[in-house]
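Participant: The structure that follows is given in the form of structure tokens.
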Amino acid sequence: MTLKSDAVFERIAKRLQSIDPNNRQVQQIYKFRIQQNGTVVKSWVLDLKAVKLTESDGPAEATLTMEDDIMFALGTGAMPAKEALAQDKLDVEGQVELIFLLEPFIASLKN
């Protein structure tokens, strides 16, 4: 199944290749649960400790659940995470404050 957000995850994977594992500011593990019409259709784990992205439903310190188009909007800079949270378009389980650590990384995808 191809989703709009797949392009964002491709950019994340590409961006990870340029990260120096010895010089990272964010070292948490995030899970993205991507939905279509309220049903989770894909899960991704972004492990910034190991500097890898995998399509899986593994453990994470923060799990972000959202519709596919919202992930696309976040990943392209069309919507900030605070706005998605305020509009209840982004559900976070675990350490909510970790999503704000991730924002500069996501913003770097636009470059």
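Quick note on naming: the chains in the structure tokens go A, B, ... in the order shown, residues restart at 1 in each chain, and ligands are numbered from 1 in order of appearance.
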Looking only at the backbone, which of the residues in chain A does DSSP tag as strand (DSSP E), as a short mmCIF file (atom, residue, chain, number, x, y, z; two decimals) with N, CA, C and O atoms, in the first residue's frame?

Facilitator:
```cif
data_model
loop_
_atom_site.label_atom_id
_atom_site.label_comp_id
_atom_site.auth_asym_id
_atom_site.auth_seq_id
_atom_site.Cartn_x
_atom_site.Cartn_y
_atom_site.Cartn_z
N ILE A 29 13.73 7.23 20.59
CA ILE A 29 13.08 6.31 19.65
C ILE A 29 11.62 6.72 19.53
O ILE A 29 10.92 6.85 20.53
N TYR A 30 11.21 6.92 18.29
CA TYR A 30 9.85 7.37 17.98
C TYR A 30 9.15 6.33 17.11
O TYR A 30 9.76 5.77 16.21
N LYS A 31 7.87 6.14 17.38
CA LYS A 31 7.05 5.29 16.50
C LYS A 31 5.98 6.17 15.87
O LYS A 31 5.35 6.99 16.54
N PHE A 32 5.81 5.99 14.58
CA PHE A 32 4.77 6.70 13.83
C PHE A 32 3.74 5.66 13.39
O PHE A 32 4.09 4.73 12.66
N ARG A 33 2.51 5.82 13.85
CA ARG A 33 1.43 4.93 13.45
C ARG A 33 0.56 5.72 12.48
O ARG A 33 -0.09 6.68 12.87
N ILE A 34 0.60 5.32 11.21
CA ILE A 34 -0.08 6.06 10.16
C ILE A 34 -1.45 5.43 9.89
O ILE A 34 -1.55 4.22 9.67
N GLN A 35 -2.47 6.28 9.88
CA GLN A 35 -3.84 5.81 9.72
C GLN A 35 -4.45 6.27 8.40
O GLN A 35 -4.03 7.28 7.82
N GLN A 36 -5.44 5.51 7.97
CA GLN A 36 -6.34 5.93 6.90
C GLN A 36 -7.74 5.67 7.43
O GLN A 36 -8.06 4.54 7.81
N THR A 39 -7.96 3.90 10.86
CA THR A 39 -7.37 2.56 11.02
C THR A 39 -5.88 2.63 10.72
O THR A 39 -5.48 3.16 9.68
N VAL A 40 -5.06 2.09 11.64
CA VAL A 40 -3.62 2.09 11.41
C VAL A 40 -3.29 1.16 10.25
O VAL A 40 -3.69 -0.01 10.24
N VAL A 41 -2.59 1.71 9.25
CA VAL A 41 -2.25 0.92 8.06
C VAL A 41 -0.75 0.70 7.92
O VAL A 41 -0.31 -0.21 7.21
N LYS A 42 0.07 1.55 8.59
CA LYS A 42 1.52 1.38 8.58
C LYS A 42 2.09 1.91 9.88
O LYS A 42 1.58 2.89 10.43
N SER A 43 3.16 1.27 10.33
CA SER A 43 3.89 1.76 11.49
C SER A 43 5.37 1.83 11.16
O SER A 43 5.91 0.92 10.52
N TRP A 44 6.01 2.91 11.57
CA TRP A 44 7.43 3.12 11.36
C TRP A 44 8.09 3.40 12.70
O TRP A 44 7.52 4.11 13.54
N VAL A 45 9.31 2.90 12.89
CA VAL A 45 10.08 3.22 14.08
C VAL A 45 11.33 3.98 13.64
O VAL A 45 12.12 3.48 12.85
N LEU A 46 11.44 5.21 14.16
CA LEU A 46 12.60 6.05 13.91
C LEU A 46 13.47 5.97 15.16
O LEU A 46 13.12 6.52 16.20
N ASP A 47 14.56 5.25 15.06
CA ASP A 47 15.47 5.03 16.19
C ASP A 47 16.66 5.95 16.02
O ASP A 47 17.57 5.67 15.23
N LYS A 52 18.46 4.71 12.65
CA LYS A 52 17.83 3.89 11.61
C LYS A 52 16.31 4.06 11.63
O LYS A 52 15.72 4.44 12.63
N LEU A 53 15.71 3.78 10.49
CA LEU A 53 14.27 3.83 10.31
C LEU A 53 13.82 2.49 9.79
O LEU A 53 14.39 1.97 8.82
N THR A 54 12.83 1.91 10.44
CA THR A 54 12.32 0.61 9.98
C THR A 54 10.79 0.65 9.97
O THR A 54 10.17 1.32 10.81
N GLU A 55 10.22 -0.06 9.02
CA GLU A 55 8.77 -0.22 9.02
C GLU A 55 8.47 -1.36 9.98
O GLU A 55 8.71 -2.52 9.67
N ALA A 62 8.16 7.47 22.43
CA ALA A 62 6.99 8.29 22.10
C ALA A 62 6.36 7.70 20.84
O ALA A 62 7.04 7.42 19.87
N THR A 63 5.06 7.49 20.89
CA THR A 63 4.32 6.96 19.74
C THR A 63 3.37 8.04 19.25
O THR A 63 2.56 8.56 20.01
N LEU A 64 3.52 8.36 17.96
CA LEU A 64 2.70 9.40 17.34
C LEU A 64 1.73 8.73 16.38
O LEU A 64 2.16 8.01 15.47
N THR A 65 0.45 8.93 16.60
CA THR A 65 -0.58 8.33 15.75
C THR A 65 -1.33 9.45 15.04
O THR A 65 -1.77 10.41 15.68
N MET A 66 -1.42 9.31 13.71
CA MET A 66 -2.10 10.35 12.92
C MET A 66 -2.52 9.80 11.57
O MET A 66 -2.03 8.76 11.14
N GLU A 67 -3.39 10.53 10.91
CA GLU A 67 -3.80 10.19 9.56
C GLU A 67 -2.63 10.43 8.60
O GLU A 67 -1.75 11.27 8.86
N LEU A 90 -3.15 14.80 16.05
CA LEU A 90 -1.96 14.06 16.41
C LEU A 90 -2.14 13.54 17.82
O LEU A 90 -2.38 14.32 18.75
N ASP A 91 -2.05 12.23 17.99
CA ASP A 91 -2.17 11.61 19.30
C ASP A 91 -0.78 11.12 19.69
O ASP A 91 -0.12 10.45 18.89
N VAL A 92 -0.34 11.47 20.91
CA VAL A 92 0.98 11.06 21.36
C VAL A 92 0.85 10.23 22.62
O VAL A 92 0.20 10.63 23.58
N GLU A 93 1.46 9.05 22.59
CA GLU A 93 1.55 8.19 23.76
C GLU A 93 2.99 8.18 24.21
O GLU A 93 3.91 8.20 23.39
N GLY A 94 3.20 8.15 25.52
CA GLY A 94 4.57 8.18 26.03
C GLY A 94 4.97 9.60 26.37
O GLY A 94 4.16 10.40 26.81
#
```

Participant: From the options A:Phe100, A:Ile106, A:Pro59, A:Pro21, which residue's atoms come nearest to Ala78 in chain A, counting only C-alpha atoms?

Facilitator: A:Ile106

Participant: DSSP on the backbone, then: every residue of range 71-110 of chain A marked alpha helix (DSSP H), written as a CSV table (one decimal) with all heavy atoms, in the first residue's frame.

Facilitator:
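Result file is out00.csv:
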```csv
chain,number,residue,atom,x,y,z
A,71,MET,N,0.6,13.3,8.6
A,71,MET,CA,2.0,13.0,8.6
A,71,MET,C,2.7,13.7,7.4
A,71,MET,O,3.8,14.3,7.5
A,71,MET,CB,2.3,11.5,8.6
A,71,MET,CG,3.7,11.1,8.6
A,71,MET,SD,4.6,11.7,10.1
A,71,MET,CE,6.3,11.8,9.6
A,72,PHE,N,2.0,13.7,6.3
A,72,PHE,CA,2.6,14.4,5.1
A,72,PHE,C,2.7,15.9,5.4
A,72,PHE,O,3.7,16.5,5.1
A,72,PHE,CB,1.7,14.1,3.9
A,72,PHE,CG,2.2,14.7,2.6
A,72,PHE,CD1,3.2,14.1,1.9
A,72,PHE,CD2,1.7,15.9,2.1
A,72,PHE,CE1,3.8,14.6,0.7
A,72,PHE,CE2,2.2,16.4,1.0
A,72,PHE,CZ,3.3,15.8,0.3
A,73,ALA,N,1.7,16.5,6.0
A,73,ALA,CA,1.7,17.9,6.3
A,73,ALA,C,2.8,18.2,7.3
A,73,ALA,O,3.5,19.2,7.1
A,73,ALA,CB,0.4,18.4,6.8
A,74,LEU,N,3.0,17.4,8.3
A,74,LEU,CA,4.1,17.6,9.3
A,74,LEU,C,5.4,17.5,8.6
A,74,LEU,O,6.3,18.3,8.8
A,74,LEU,CB,4.0,16.6,10.4
A,74,LEU,CG,2.8,16.8,11.4
A,74,LEU,CD1,2.7,15.6,12.3
A,74,LEU,CD2,2.9,18.1,12.1
A,75,GLY,N,5.6,16.5,7.8
A,75,GLY,CA,6.9,16.2,7.1
A,75,GLY,C,7.3,17.2,6.1
A,75,GLY,O,8.4,17.3,5.7
A,76,THR,N,6.3,17.9,5.5
A,76,THR,CA,6.6,18.9,4.5
A,76,THR,C,6.6,20.3,5.0
A,76,THR,O,6.8,21.3,4.3
A,76,THR,CB,5.6,18.8,3.3
A,76,THR,OG1,4.3,19.0,3.8
A,76,THR,CG2,5.7,17.4,2.6
A,81,ALA,N,3.8,20.7,14.6
A,81,ALA,CA,3.3,19.7,15.5
A,81,ALA,C,2.3,20.3,16.5
A,81,ALA,O,1.3,19.7,16.9
A,81,ALA,CB,4.4,18.9,16.2
A,82,LYS,N,2.6,21.5,17.0
A,82,LYS,CA,1.8,22.1,18.0
A,82,LYS,C,0.4,22.3,17.5
A,82,LYS,O,-0.6,22.1,18.2
A,82,LYS,CB,2.4,23.5,18.5
A,82,LYS,CG,3.6,23.3,19.4
A,82,LYS,CD,4.1,24.7,19.8
A,82,LYS,CE,5.3,24.5,20.6
A,82,LYS,NZ,5.9,25.8,21.0
A,83,GLU,N,0.3,22.7,16.2
A,83,GLU,CA,-1.0,22.9,15.6
A,83,GLU,C,-1.8,21.6,15.5
A,83,GLU,O,-3.0,21.5,15.8
A,83,GLU,CB,-0.9,23.5,14.2
A,83,GLU,CG,-2.2,23.9,13.6
A,83,GLU,CD,-1.9,24.6,12.2
A,83,GLU,OE1,-1.0,25.4,12.1
A,83,GLU,OE2,-2.7,24.3,11.3
A,84,ALA,N,-1.1,20.5,15.1
A,84,ALA,CA,-1.7,19.2,14.9
A,84,ALA,C,-2.2,18.7,16.3
A,84,ALA,O,-3.3,18.2,16.4
A,84,ALA,CB,-0.7,18.2,14.3
A,85,LEU,N,-1.4,19.0,17.4
A,85,LEU,CA,-1.8,18.6,18.7
A,85,LEU,C,-3.1,19.4,19.1
A,85,LEU,O,-4.0,18.8,19.7
A,85,LEU,CB,-0.7,18.8,19.7
A,85,LEU,CG,0.4,17.7,19.8
A,85,LEU,CD1,1.6,18.2,20.6
A,85,LEU,CD2,-0.1,16.4,20.3
A,86,ALA,N,-3.0,20.7,18.9
A,86,ALA,CA,-4.1,21.6,19.3
A,86,ALA,C,-5.4,21.2,18.6
A,86,ALA,O,-6.5,21.3,19.2
A,86,ALA,CB,-3.7,23.0,19.0
A,98,LEU,N,8.9,14.8,23.9
A,98,LEU,CA,9.9,14.3,22.9
A,98,LEU,C,9.6,14.7,21.5
A,98,LEU,O,10.5,14.9,20.6
A,98,LEU,CB,10.1,12.8,22.9
A,98,LEU,CG,10.7,12.2,24.2
A,98,LEU,CD1,10.8,10.7,24.1
A,98,LEU,CD2,12.0,12.8,24.5
A,99,ILE,N,8.3,15.0,21.2
A,99,ILE,CA,8.0,15.4,19.8
A,99,ILE,C,8.6,16.8,19.5
A,99,ILE,O,8.9,17.0,18.4
A,99,ILE,CB,6.5,15.4,19.5
A,99,ILE,CG1,5.7,16.4,20.3
A,99,ILE,CG2,5.9,14.0,19.7
A,99,ILE,CD1,4.3,16.6,19.8
A,100,PHE,N,8.7,17.6,20.5
A,100,PHE,CA,9.3,18.9,20.3
A,100,PHE,C,10.8,18.8,20.1
A,100,PHE,O,11.4,19.7,19.4
A,100,PHE,CB,8.9,19.9,21.4
A,100,PHE,CG,7.4,20.0,21.5
A,100,PHE,CD1,6.7,19.5,22.6
A,100,PHE,CD2,6.7,20.6,20.5
A,100,PHE,CE1,5.4,19.6,22.7
A,100,PHE,CE2,5.3,20.7,20.6
A,100,PHE,CZ,4.6,20.2,21.7
A,101,LEU,N,11.5,17.8,20.6
A,101,LEU,CA,12.9,17.6,20.3
A,101,LEU,C,13.0,17.1,18.8
A,101,LEU,O,14.0,17.4,18.2
A,101,LEU,CB,13.5,16.5,21.2
A,101,LEU,CG,13.6,16.8,22.7
A,101,LEU,CD1,14.1,15.6,23.4
A,101,LEU,CD2,14.5,18.0,22.9
A,102,LEU,N,12.0,16.5,18.3
A,102,LEU,CA,12.1,15.9,16.9
A,102,LEU,C,11.8,17.0,15.9
A,102,LEU,O,12.2,16.9,14.7
A,102,LEU,CB,11.0,14.8,16.8
A,102,LEU,CG,11.1,14.0,15.5
A,102,LEU,CD1,12.4,13.3,15.3
A,102,LEU,CD2,9.9,13.0,15.5
A,103,GLU,N,11.1,18.1,16.3
A,103,GLU,CA,10.7,19.1,15.3
A,103,GLU,C,11.9,19.7,14.4
A,103,GLU,O,11.7,19.8,13.2
A,103,GLU,CB,10.0,20.2,15.9
A,103,GLU,CG,8.5,19.9,16.1
A,103,GLU,CD,7.7,21.2,16.4
A,103,GLU,OE1,8.0,21.8,17.4
A,103,GLU,OE2,6.7,21.4,15.7
A,104,PRO,N,13.0,20.0,15.0
A,104,PRO,CA,14.1,20.5,14.1
A,104,PRO,C,14.6,19.4,13.1
A,104,PRO,O,14.9,19.8,12.0
A,104,PRO,CB,15.3,20.8,15.1
A,104,PRO,CG,14.6,21.0,16.4
A,104,PRO,CD,13.4,20.1,16.4
A,105,PHE,N,14.6,18.2,13.5
A,105,PHE,CA,14.9,17.1,12.5
A,105,PHE,C,13.9,17.1,11.4
A,105,PHE,O,14.3,17.0,10.2
A,105,PHE,CB,15.0,15.8,13.3
A,105,PHE,CG,15.3,14.6,12.3
A,105,PHE,CD1,16.5,14.3,12.0
A,105,PHE,CD2,14.2,13.8,11.8
A,105,PHE,CE1,16.8,13.2,11.1
A,105,PHE,CE2,14.5,12.8,11.0
A,105,PHE,CZ,15.8,12.5,10.6
A,106,ILE,N,12.6,17.1,11.7
A,106,ILE,CA,11.6,17.1,10.7
A,106,ILE,C,11.7,18.3,9.8
A,106,ILE,O,11.6,18.3,8.6
A,106,ILE,CB,10.2,17.0,11.3
A,106,ILE,CG1,10.1,15.6,12.1
A,106,ILE,CG2,9.1,17.1,10.3
A,106,ILE,CD1,10.2,14.4,11.2
A,107,ALA,N,12.0,19.5,10.4
A,107,ALA,CA,12.1,20.7,9.6
A,107,ALA,C,13.3,20.6,8.7
A,107,ALA,O,13.2,21.2,7.6
A,107,ALA,CB,12.3,21.9,10.6
```
